[in-house]
Amino acid sequence: MFVTTSNPSHREQPVRVAIVGTGAIARGSHLPALTALAAGRPLEIVAAVDVDAASVEAFCAEAGIARPYTDLDRMLAEQRPDLVTLATPPRFHRDQTVAALRAGAWVWCEKPPCPSLEDFDAIEAAEGSRGDGPYAAIVFQHRFGSGSRHVRELLAGQAMGRPLVAHCQTTWYRDEAYYSVPWRGSWSSEGGGPAMGHGIHQMDLLLDLLGPWAEIKAMAGRLVHDVETEDVSTALVRFENGTMATVVNSVLSPDEVSRIRIDFERATVELTHLYGHRNADWRITPAPGVTPEEADAWRDFGPDVPSSHEAQLEGLLDDLRAGRRPRSSGADGRKSLELVAALYKAAFSGGTVRAGEIVPGDPYYSALHGNAPGWAPEPLGSPTEVPA
């Protein structure tokens with residue numbers, strides 16, 4: 001299968017795409033999204049990169065991609081892609097994104113974005129300065145699709161009144177076998193626990209709907225798993241608009257669910273799903289006094305476009321063609337990482353953290369564990385206690 005445009009009516013030059021990382025997320029999400037979009041627009045996957053030569057060669061053979069590489073810099077120099085999609089572990093995202101941006105390529109980077117705000121700011125500093133890119137966007141596909149778009153429009157029009165109370169829940173289950181993979185559960189490789197690697201999707205969607213947050217209090221714990229990071233966290237968040245929210249992120253919950261609920265003055269909006277949502281996963285309950293006609297208009301989500309990598313990537317490709325900053329890049333992409341960093345700081349310090357306070361010089365700016373005792377990884381070469 002050669003992944004390129006099959007529509008001869010397009011006269012534009014195809015967008016040249018390279019996939020970096022050929023593991024499960026590239027095979028299951030990035031490649032299918034690119035393949036689907038290539039059927040209707042000028043797009044060509046020109047190369048794939050992985051440090052594992054056997055993996056990238058097999059990936060390219062299966063997908064019909066002509067050029068496998070094990071060296072990112074060489075690929076960038078030889079292929080000059082327009083867009084690089086990153087499906088690699090978070091610890092590599094900063095260096096790989098900066099390399100691609102400096103080579104003139106736009107970047108679509110899998111979440112979690114990178115291990116620290118310092119890394120994110122370095123990425124943003126490497127973006128184009130002329131106002132037309134290249135830009136680096138984060139994969140936050142739960143923002144996209146018809147359901148979230150419809151609710152965002154209802155909020156913008158204040159049809160349901162002010163948002164007052166919210167709940168954001170990512171309660172999943174991961175067993176010991178999951179954490180037996182050596183790189184899981186460590187700050188250096190994953191950047192954080194379920195708040196960073198699992199719950200960030202729902203937290204990002206909550207921010208996309210409700211706008212800027214103002215302050216956060218939190219708790220975190222290791223209740224089951226023997227890992228560096230947390231395996232559960234809870235938080236209280238106050239938004240600038242006054243909305244008060246609870247946030248729960250867990251990998252200890254056998255009855256798995258991803259959920260957002262927002263109570264407005266005139267309605268309750270609920271989204272219940274697991275790894276992606278459709279129109280049917282949203283429910284709107286009107287308050288007493290709302291007319292059936294108005295409630296029916298709120299519940300009309302239009303044609304069903306599921307949240308997906310494809311839905312986000314379609315918009316990003318349009319932005320690339322137009323030379324405009326895409327959603328989930330720059331400050332719009334940073335806000336979710338800042339909330340995660342603030343959650344950890346609030347949990348590990350026991351205090352209230354306010355938006356904007358984690359700046360250069362703050363220990364949580366350069367590492368999400370903030371060098372907090374009991375949470376930061378042990379320094380290499382630290383002495384071990386020898387029993388008497």
# chains A, B, ... in the order shown; residues from 1 in each chain; ligands from 1
call {"tool": "residues_around", "arguments": {"residues": "stretch 249-265 of chain A", "least_positions_apart": "6", "cutoff": "6 Å", "atoms": "only C-alpha atoms", "output": "number ranges by chain"}}
result
A: 161-174, 194-195, 199, 231-233, 271-274
call {"tool": "select_by_dssp", "arguments": {"residues": "stretch 35-199 of chain A", "states": "helix (DSSP H, G or I)", "output": "ChimeraX atom specification"}}
result
/A:35-38,53-63,72-79,90-102,117-125,141-143,146-156,176-179,187-190,194-197
call {"tool": "closest_residue", "arguments": {"among": "A:Met196, A:Leu72, A:Ala355, A:Ala36", "to": "A:Lys217", "atoms": "only C-alpha atoms"}}
result
A:Ala355
call {"tool": "atom_distance", "arguments": {"atom1": "atom CA of A:Gly211", "atom2": "atom CA of A:Arg94"}}
result
26.2 Å
call {"tool": "closest_atom_pairs", "arguments": {"of": "stretch 255-312 of chain A", "to": "stretch 144-150 of chain A", "cutoff": "7 Å", "atoms": "only C-alpha atoms", "output": "JSON lines"}}
result
{"residue": "A:Arg278", "atom": "CA", "partner": "A:Gly147", "partner_atom": "CA", "distance": 6.4}
{"residue": "A:Asn279", "atom": "CA", "partner": "A:Gly147", "partner_atom": "CA", "distance": 5.1}
{"residue": "A:Trp282", "atom": "CA", "partner": "A:Gly147", "partner_atom": "CA", "distance": 7.0}
{"residue": "A:Phe301", "atom": "CA", "partner": "A:His150", "partner_atom": "CA", "distance": 5.9}
{"residue": "A:Asp304", "atom": "CA", "partner": "A:Ser146", "partner_atom": "CA", "distance": 5.9}
{"residue": "A:Val305", "atom": "CA", "partner": "A:Gly145", "partner_atom": "CA", "distance": 4.9}
{"residue": "A:Pro306", "atom": "CA", "partner": "A:Gly145", "partner_atom": "CA", "distance": 5.0}
{"residue": "A:Ser307", "atom": "CA", "partner": "A:Gly145", "partner_atom": "CA", "distance": 4.4}
{"residue": "A:Ser308", "atom": "CA", "partner": "A:Phe144", "partner_atom": "CA", "distance": 6.9}
{"residue": "A:Ala311", "atom": "CA", "partner": "A:Phe144", "partner_atom": "CA", "distance": 6.0}
{"residue": "A:Gln312", "atom": "CA", "partner": "A:Phe144", "partner_atom": "CA", "distance": 5.8}
call {"tool": "write_last_selection", "arguments": {"atoms": "N, CA and C atoms", "output": "JSON list (two decimals), in the first residue's frame"}}
result
[["chain", "number", "residue", "atom", "x", "y", "z"],
["A", 278, "ARG", "N", -18.02, 9.81, 20.53],
["A", 278, "ARG", "CA", -18.90, 10.13, 19.41],
["A", 278, "ARG", "C", -20.03, 11.00, 19.94],
["A", 279, "ASN", "N", -20.92, 11.45, 19.05],
["A", 279, "ASN", "CA", -22.05, 12.27, 19.48],
["A", 279, "ASN", "C", -22.89, 11.56, 20.54],
["A", 282, "TRP", "N", -22.35, 11.98, 24.42],
["A", 282, "TRP", "CA", -22.67, 13.23, 25.11],
["A", 282, "TRP", "C", -24.14, 13.22, 25.52],
["A", 301, "PHE", "N", -26.41, 17.59, 17.61],
["A", 301, "PHE", "CA", -24.97, 17.68, 17.43],
["A", 301, "PHE", "C", -24.56, 17.66, 15.95],
["A", 304, "ASP", "N", -22.16, 13.01, 12.78],
["A", 304, "ASP", "CA", -21.25, 12.47, 13.78],
["A", 304, "ASP", "C", -19.82, 12.39, 13.24],
["A", 305, "VAL", "N", -18.93, 13.18, 13.85],
["A", 305, "VAL", "CA", -17.49, 13.11, 13.54],
["A", 305, "VAL", "C", -16.79, 12.71, 14.84],
["A", 306, "PRO", "N", -16.37, 11.46, 14.98],
["A", 306, "PRO", "CA", -15.75, 11.02, 16.24],
["A", 306, "PRO", "C", -14.47, 11.78, 16.52],
["A", 307, "SER", "N", -14.16, 11.91, 17.83],
["A", 307, "SER", "CA", -12.83, 12.43, 18.18],
["A", 307, "SER", "C", -11.79, 11.41, 17.71],
["A", 308, "SER", "N", -10.71, 11.89, 17.14],
["A", 308, "SER", "CA", -9.73, 10.96, 16.58],
["A", 308, "SER", "C", -8.48, 11.71, 16.16],
["A", 311, "ALA", "N", -9.32, 13.43, 12.88],
["A", 311, "ALA", "CA", -10.04, 14.70, 12.96],
["A", 311, "ALA", "C", -9.10, 15.85, 13.29],
["A", 312, "GLN", "N", -8.13, 15.62, 14.18],
["A", 312, "GLN", "CA", -7.19, 16.69, 14.49],
["A", 312, "GLN", "C", -6.23, 16.94, 13.33]]
call {"tool": "closest_residue", "arguments": {"among": "A:Met160, A:Met244, A:Ala331, A:Leu313", "to": "A:Thr268", "atoms": "only C-alpha atoms"}}
result
A:Met160
call {"tool": "closest_residue", "arguments": {"among": "A:Arg41, A:Arg299, A:Arg152, A:Arg67", "to": "A:Gln13", "atoms": "only C-alpha atoms"}}
result
A:Arg41
call {"tool": "closest_residue", "arguments": {"among": "A:Glu228, A:Glu338, A:Asn371, A:Arg27", "to": "A:Ile358", "atoms": "only C-alpha atoms"}}
result
A:Glu338
call {"tool": "closest_residue", "arguments": {"among": "A:Ala137, A:Val353, A:Leu223, A:Ala26", "to": "A:Arg238", "atoms": "only C-alpha atoms"}}
result
A:Val353
call {"tool": "atom_distance", "arguments": {"atom1": "atom CA of A:Tyr344", "atom2": "atom CA of A:Met219"}}
result
8.1 Å
call {"tool": "select_by_dssp", "arguments": {"residues": "stretch 13-81 of chain A", "states": "strand (DSSP E)", "output": "ChimeraX atom specification"}}
result
/A:15-20,43-49,68-69
call {"tool": "write_last_selection", "arguments": {"atoms": "N, CA and C atoms", "output": "CSV table (one decimal), in the first residue's frame"}}
result
chain,number,residue,atom,x,y,z
A,15,VAL,N,1.8,17.3,0.5
A,15,VAL,CA,2.5,17.5,1.8
A,15,VAL,C,3.3,16.3,2.0
A,16,ARG,N,4.6,16.5,2.2
A,16,ARG,CA,5.5,15.4,2.4
A,16,ARG,C,5.6,15.1,3.9
A,17,VAL,N,5.3,13.9,4.3
A,17,VAL,CA,5.2,13.6,5.8
A,17,VAL,C,6.2,12.5,6.1
A,18,ALA,N,6.8,12.6,7.3
A,18,ALA,CA,7.7,11.6,7.8
A,18,ALA,C,7.2,11.2,9.2
A,19,ILE,N,7.2,9.9,9.5
A,19,ILE,CA,6.7,9.3,10.8
A,19,ILE,C,8.0,8.9,11.5
A,20,VAL,N,8.1,9.4,12.8
A,20,VAL,CA,9.2,9.1,13.6
A,20,VAL,C,8.7,8.3,14.8
A,43,LEU,N,-1.1,14.3,-0.3
A,43,LEU,CA,-0.3,13.9,0.9
A,43,LEU,C,0.5,12.7,0.6
A,44,GLU,N,1.8,12.7,1.0
A,44,GLU,CA,2.6,11.5,0.7
A,44,GLU,C,3.5,11.2,1.9
A,45,ILE,N,3.5,10.0,2.4
A,45,ILE,CA,4.5,9.6,3.5
A,45,ILE,C,5.8,9.2,2.8
A,46,VAL,N,6.8,10.0,3.0
A,46,VAL,CA,8.1,9.8,2.3
A,46,VAL,C,9.1,9.0,3.0
A,47,ALA,N,8.9,8.9,4.4
A,47,ALA,CA,9.9,8.2,5.2
A,47,ALA,C,9.4,7.9,6.5
A,48,ALA,N,10.0,6.9,7.2
A,48,ALA,CA,9.8,6.6,8.6
A,48,ALA,C,11.1,6.4,9.3
A,49,VAL,N,11.2,6.7,10.6
A,49,VAL,CA,12.4,6.7,11.3
A,49,VAL,C,12.2,5.9,12.6
A,68,PRO,N,13.1,3.8,4.8
A,68,PRO,CA,13.3,3.6,6.2
A,68,PRO,C,14.6,4.3,6.7
A,69,TYR,N,14.6,4.9,7.8
A,69,TYR,CA,15.8,5.5,8.4
A,69,TYR,C,15.9,5.1,9.9
call {"tool": "closest_residue", "arguments": {"among": "A:Gly333, A:Gly374, A:Gly21, A:Gly323", "to": "A:Arg130", "atoms": "only C-alpha atoms"}}
result
A:Gly323
call {"tool": "residues_around", "arguments": {"residues": "A:Val290", "least_positions_apart": "5", "cutoff": "9 Å", "atoms": "only C-alpha atoms", "output": "JSON, numbers by chain"}}
result
{"A": [266, 267, 295]}
call {"tool": "closest_atom_pairs", "arguments": {"of": "stretch 241-352 of chain A", "to": "stretch 100-123 of chain A", "cutoff": "12 Å", "atoms": "only C-alpha atoms", "output": "CSV"}}
result
residue,atom,partner,partner_atom,distance
A:His309,CA,A:Glu110,CA,9.9
A:Glu310,CA,A:Trp108,CA,12.0
A:Gln312,CA,A:Trp108,CA,9.9
A:Leu313,CA,A:Trp108,CA,8.3
A:Glu314,CA,A:Trp108,CA,11.7
A:Gly315,CA,A:Trp108,CA,11.6
A:Leu316,CA,A:Trp108,CA,8.4
A:Leu317,CA,A:Trp106,CA,9.8
A:Asp319,CA,A:Trp106,CA,10.3
A:Leu320,CA,A:Trp106,CA,7.6
A:Arg321,CA,A:Trp106,CA,10.9
A:Gly323,CA,A:Trp106,CA,10.2
A:Arg324,CA,A:Trp106,CA,11.2
A:Arg325,CA,A:Trp106,CA,10.2
A:Pro326,CA,A:Trp108,CA,10.0
A:Arg327,CA,A:Trp108,CA,10.9
A:Ser328,CA,A:Trp108,CA,9.6
A:Ser329,CA,A:Trp108,CA,9.1
A:Gly330,CA,A:Asp121,CA,8.6
A:Ala331,CA,A:Asp121,CA,9.5
A:Asp332,CA,A:Phe120,CA,11.7
A:Gly333,CA,A:Pro113,CA,8.5
A:Arg334,CA,A:Phe120,CA,7.1
A:Lys335,CA,A:Leu117,CA,9.8
A:Ser336,CA,A:Pro113,CA,9.4
A:Leu337,CA,A:Leu117,CA,7.0
A:Glu338,CA,A:Leu117,CA,6.8
A:Leu339,CA,A:Leu117,CA,10.4
A:Val340,CA,A:Ser116,CA,9.7
A:Ala341,CA,A:Ser116,CA,7.7
A:Ala342,CA,A:Leu117,CA,10.6
A:Tyr344,CA,A:Ser116,CA,11.6
call {"tool": "atom_distance", "arguments": {"atom1": "atom CA of A:Ala136", "atom2": "atom CA of A:Arg184"}}
result
25.2 Å
